[in-house]
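The structure appears below as structure tokens.
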Amino acid sequence: MSTERYKPGFLEQWGRKVLISIQANAKKPLDSGQSFAIHSRTLLLWGLFWSFWIGFLPSIGFVYFSADLPPLNVWNQETFVLSALIKFAFLLVFATLLEFYLLFRLGFYLSFRMAQYADIELAEEPELITPIPGMMARLVLEIPDPRIRLYGIDPYKHLNERALFFRTVLYKSKVFLSNIFAKLLLKVCLGRTGLRFLIEYISGPVTGIWDSLTTYWILYELRKRIITRKLSDAIMLKIKSKQRNEIFLESSVRAMALSIVFTKTFHPNFEYLLFGLLGLLPHRDNLQNLDDWNLFVDSFQKLSIKEQKWPIAIFALCSSFDGTLNKEELQAFEEITDLSPTWLLDRVRHLSETIKKGELAESLLWMEKILPEEPIL
């Protein structure tokens with residue numbers, strides 16, 4: 001697949017432009033001497049705080065102003081008032097658009113600041129399907145990563161489509177279902193007391209809580225992707241600084257492709273590392289079925305003992321890109337345990353933990369411990 005096949009939608013293009021404009025007008029923050037982990041935690045807390053109020057205030061305002069409208073009874077033509085319906089729809093659309101616009105602007109600003117603290121520039125990167133601004137825009141706007149398949153790599157071959165569908169439906173309806181549950185709970189607690197008018201206002205804190213949790217998750221996921229982009233850069237620099245042969249590069253690419261399948265998604269940093277490694281191969285257009293285990297083993301066995309440590313290390317590092325190790329990845333380690341030292345899995349687990357905690361410097365240190373010390377011949 002070429003990068004021309006994927007065309008970002010209107011929202012993603014808008015998000016990229018907003019991020020680029022924020023970068024163009026932003027000043028470099030003063031060096032406070034604090035680590036990326038501390039800065040990112042501060043941004044996560046600010047995201048929680050402001051997102052709550054962005055969700056809370058429009059919801060409360062909508063309930064307050066809609067209370068002055070005549071009752072909407074669409075089944076009774078005598079009492080139904082069209083102007084009331086129009087005003088109700090206007091209030092609903094206005095409150096929703098205001099909430100989402102402010103949430104998106106907040107997400108873009110905090111995302112840019114997090115990238116800035118990691119010394120990452122928001123470049124267009126036309127050689128990639130997902131440049132950094134695109135990755136950030138999709139996260140903030142909650143746009144799923146595109147289902148791309150490159151060089152025969154199918155990250156969705158083991159994906160449970162039905163389970164994914166139900167998880168998506170439940171996630172998208174979280175605010176609506178939470179509001180219904182909260183209203184029922186308040187009706188039971190307040191009953192016919194003088195405080196029953198508060199029942200309608202419960203949508204304010206419920207929406208605020210969900211907005212703050214969503215923003216937290218977005219920034220948390222972005223932090224992992226920023227750290228793994230820095231890891232990808234460091235891996236590429238290590239490989240480029242060594243002498244390397246074509247079989248070594250092919251085996252490394254296949255090791256990374258297997259990790260993509262186990263992760264069940266084409267992580268943007270997988271894409272970045274894949275194109276980087278393929279760019280070093282003179283006959284990359286002839287490669288197919290990169291995620292085939294038998295072809296990986298075939299290329300792997302052609303390497304020297306010292307070279308064999310690199311594909312294993314690359315597989316291990318890529319397995320930690322999402323901050324977790326799933327069951328399939330652990331089983332894959334067991335299959336190559338006779339070639340991999342026993343300490344490798346423990347180091348990958350430590351790396352995964354440092355990525356989840358936002359420890360950029362510590363993650364780079366664990367990456368160095370996982371990569372082989374011997375030079376590539």
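Simple scheme: letters A, B, ... for chains in structure tokens order, numbers from 1 for residues in each chain, numbers from 1 for ligands in the order shown.
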
Identify, on the basis of only C-alpha atoms, every residue whose closest approach to Leu303 (chain A) does not exceed 12 Å; exclude the query and any residue fewer than 2 positions from it along the same chain; express the result as a list in words.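 The neighbour list is Arg244, Asn245, Glu246, Ile247, Phe248, Leu249, Glu250, Ser251, Ser252, Phe296, Val297, Asp298, Ser299, Phe300, Gln301, Ile305, Lys306, Glu307, Gln308, Lys309, Trp310, Pro311, Ile312, Ile376 and Leu377 of chain A.
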
Near-Glu271 (chain A) list (8 Å; only C-alpha atoms; drop same-chain fewer than 5 positions) as a list in words: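 After dropping sequence-adjacent residues, the list is Leu128, Ile129, Thr130 and Phe266 of chain A.
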
Keeping C-alpha atoms, export the residues of the selection given above as a compact mmCIF listing (two decimals), in the first residue's frame.
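Below is the file out_6.txt, written as the result:
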```
# COMPACT_ATOMS: atom_id res chain seq x y z
CA LEU A 128 4.42 8.81 6.22
CA ILE A 129 0.76 7.87 6.28
CA THR A 130 0.48 9.21 9.84
CA PHE A 266 -0.99 -0.46 13.04
```

Quick one: residues within 9 Å of Val63 (chain A), only C-alpha atoms counted, chain neighbours fewer than 5 positions away excluded, as a VMD selection string? chain A and resid 58 200 to 201 203 to 204

Under the rule that only C-alpha atoms are counted, which of A:Glu142, A:Asp292, A:Asp346, A:Asp154 is the nearest residue to Thr215 (chain A)? A:Glu142

Contact residues around region 91-101 of chain A with only C-alpha atoms at 7 Å, ignoring same-chain residues under 3 positions, as a ChimeraX atom specification: /A:54-55,58-59,62,87-88,104-105

Contact residues around region 37-49 of chain A with only C-alpha atoms at 7 Å, ignoring same-chain residues under 2 positions, as a PyMOL selection string: chain A and resi 34-35+51-53+110+114+212-213+215-216+219+358-360

Keeping only N, CA and C atoms, write the selected residues as a compact mmCIF listing (two decimals), in the first residue's frame.
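So result_1.txt came out as:
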```
# COMPACT_ATOMS: atom_id res chain seq x y z
N GLN A 34 12.70 20.39 35.21
CA GLN A 34 11.86 19.24 35.51
C GLN A 34 11.86 18.26 34.35
N SER A 35 11.59 17.00 34.66
CA SER A 35 11.61 15.95 33.64
C SER A 35 10.33 15.97 32.82
N SER A 51 -11.43 19.94 31.57
CA SER A 51 -12.42 19.15 30.84
C SER A 51 -13.69 18.96 31.65
N PHE A 52 -13.54 18.85 32.97
CA PHE A 52 -14.73 18.70 33.80
C PHE A 52 -15.63 19.92 33.66
N TRP A 53 -15.06 21.11 33.74
CA TRP A 53 -15.87 22.33 33.67
C TRP A 53 -16.41 22.56 32.26
N LEU A 110 -3.01 21.06 24.94
CA LEU A 110 -2.28 20.22 25.88
C LEU A 110 -1.43 19.18 25.14
N MET A 114 2.66 18.78 25.40
CA MET A 114 3.31 17.53 25.75
C MET A 114 4.39 17.17 24.73
N SER A 212 -13.71 14.70 31.49
CA SER A 212 -12.39 14.74 32.13
C SER A 212 -11.67 13.41 32.00
N LEU A 213 -12.40 12.30 32.16
CA LEU A 213 -11.77 10.98 32.02
C LEU A 213 -11.33 10.73 30.58
N THR A 215 -10.46 13.04 28.32
CA THR A 215 -9.27 13.86 28.07
C THR A 215 -8.04 13.23 28.72
N TYR A 216 -8.21 12.72 29.93
CA TYR A 216 -7.09 12.05 30.61
C TYR A 216 -6.60 10.87 29.79
N LEU A 219 -4.65 12.07 26.62
CA LEU A 219 -3.31 12.55 26.94
C LEU A 219 -2.41 11.42 27.42
N GLY A 358 5.20 7.34 31.91
CA GLY A 358 5.62 8.59 31.27
C GLY A 358 7.07 8.94 31.51
N GLU A 359 7.88 7.96 31.91
CA GLU A 359 9.30 8.21 32.20
C GLU A 359 10.10 8.10 30.90
N LEU A 360 10.28 9.24 30.21
CA LEU A 360 10.96 9.25 28.92
C LEU A 360 12.43 8.85 29.04
```

Tell me, in Å to one decimal, how far CA of Ala313 (chain A) is from CA of Ala255 (chain A).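 Computing it gives 9.0 Å between the two atoms.
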
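Take the candidates A:Glu12, A:Asp285, A:Glu373, A:Glu125 and check each one against Lys238 (chain A) using only C-alpha atoms; the shortest distance goes to A:Glu373.
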
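Compared by their closest atoms to Trp14 (chain A), and using only C-alpha atoms, the residues A:Leu287, A:Ile120, A:Leu317, A:Met136 rank with A:Met136 nearest.
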
As a PyMOL selection string, please: the residues near region 221-236 of chain A (cut-off 10 Å, only C-alpha atoms, same-chain neighbours under 3 positions excluded). chain A and resi 36-37+40-41+44+111+114-115+118-120+132+135-136+139-140+215-218+239-241+267-270+272-274+276-277+314+317-318+320-323+352+354-361+363-365+367-368+371

Might you pull out every residue within 7 Å of Phe56 (chain A), with only C-alpha atoms counted and same-chain residues fewer than 6 positions away left off, and present them as a list in words? Gly204, Pro205, Thr207 and Gly208 of chain A

Just-selected residues, C-alpha atoms written as a PDB file, in the first residue's frame:
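Dumped everything to part17.pdb:
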```pdb
ATOM      1  CA  GLY A 204     -23.869  18.358  34.368  1.00  0.00           C
ATOM      2  CA  PRO A 205     -21.509  16.473  36.700  1.00  0.00           C
ATOM      3  CA  THR A 207     -20.928  14.852  31.491  1.00  0.00           C
ATOM      4  CA  GLY A 208     -18.101  16.699  33.232  1.00  0.00           C
TER       5      GLY A 208
END
```
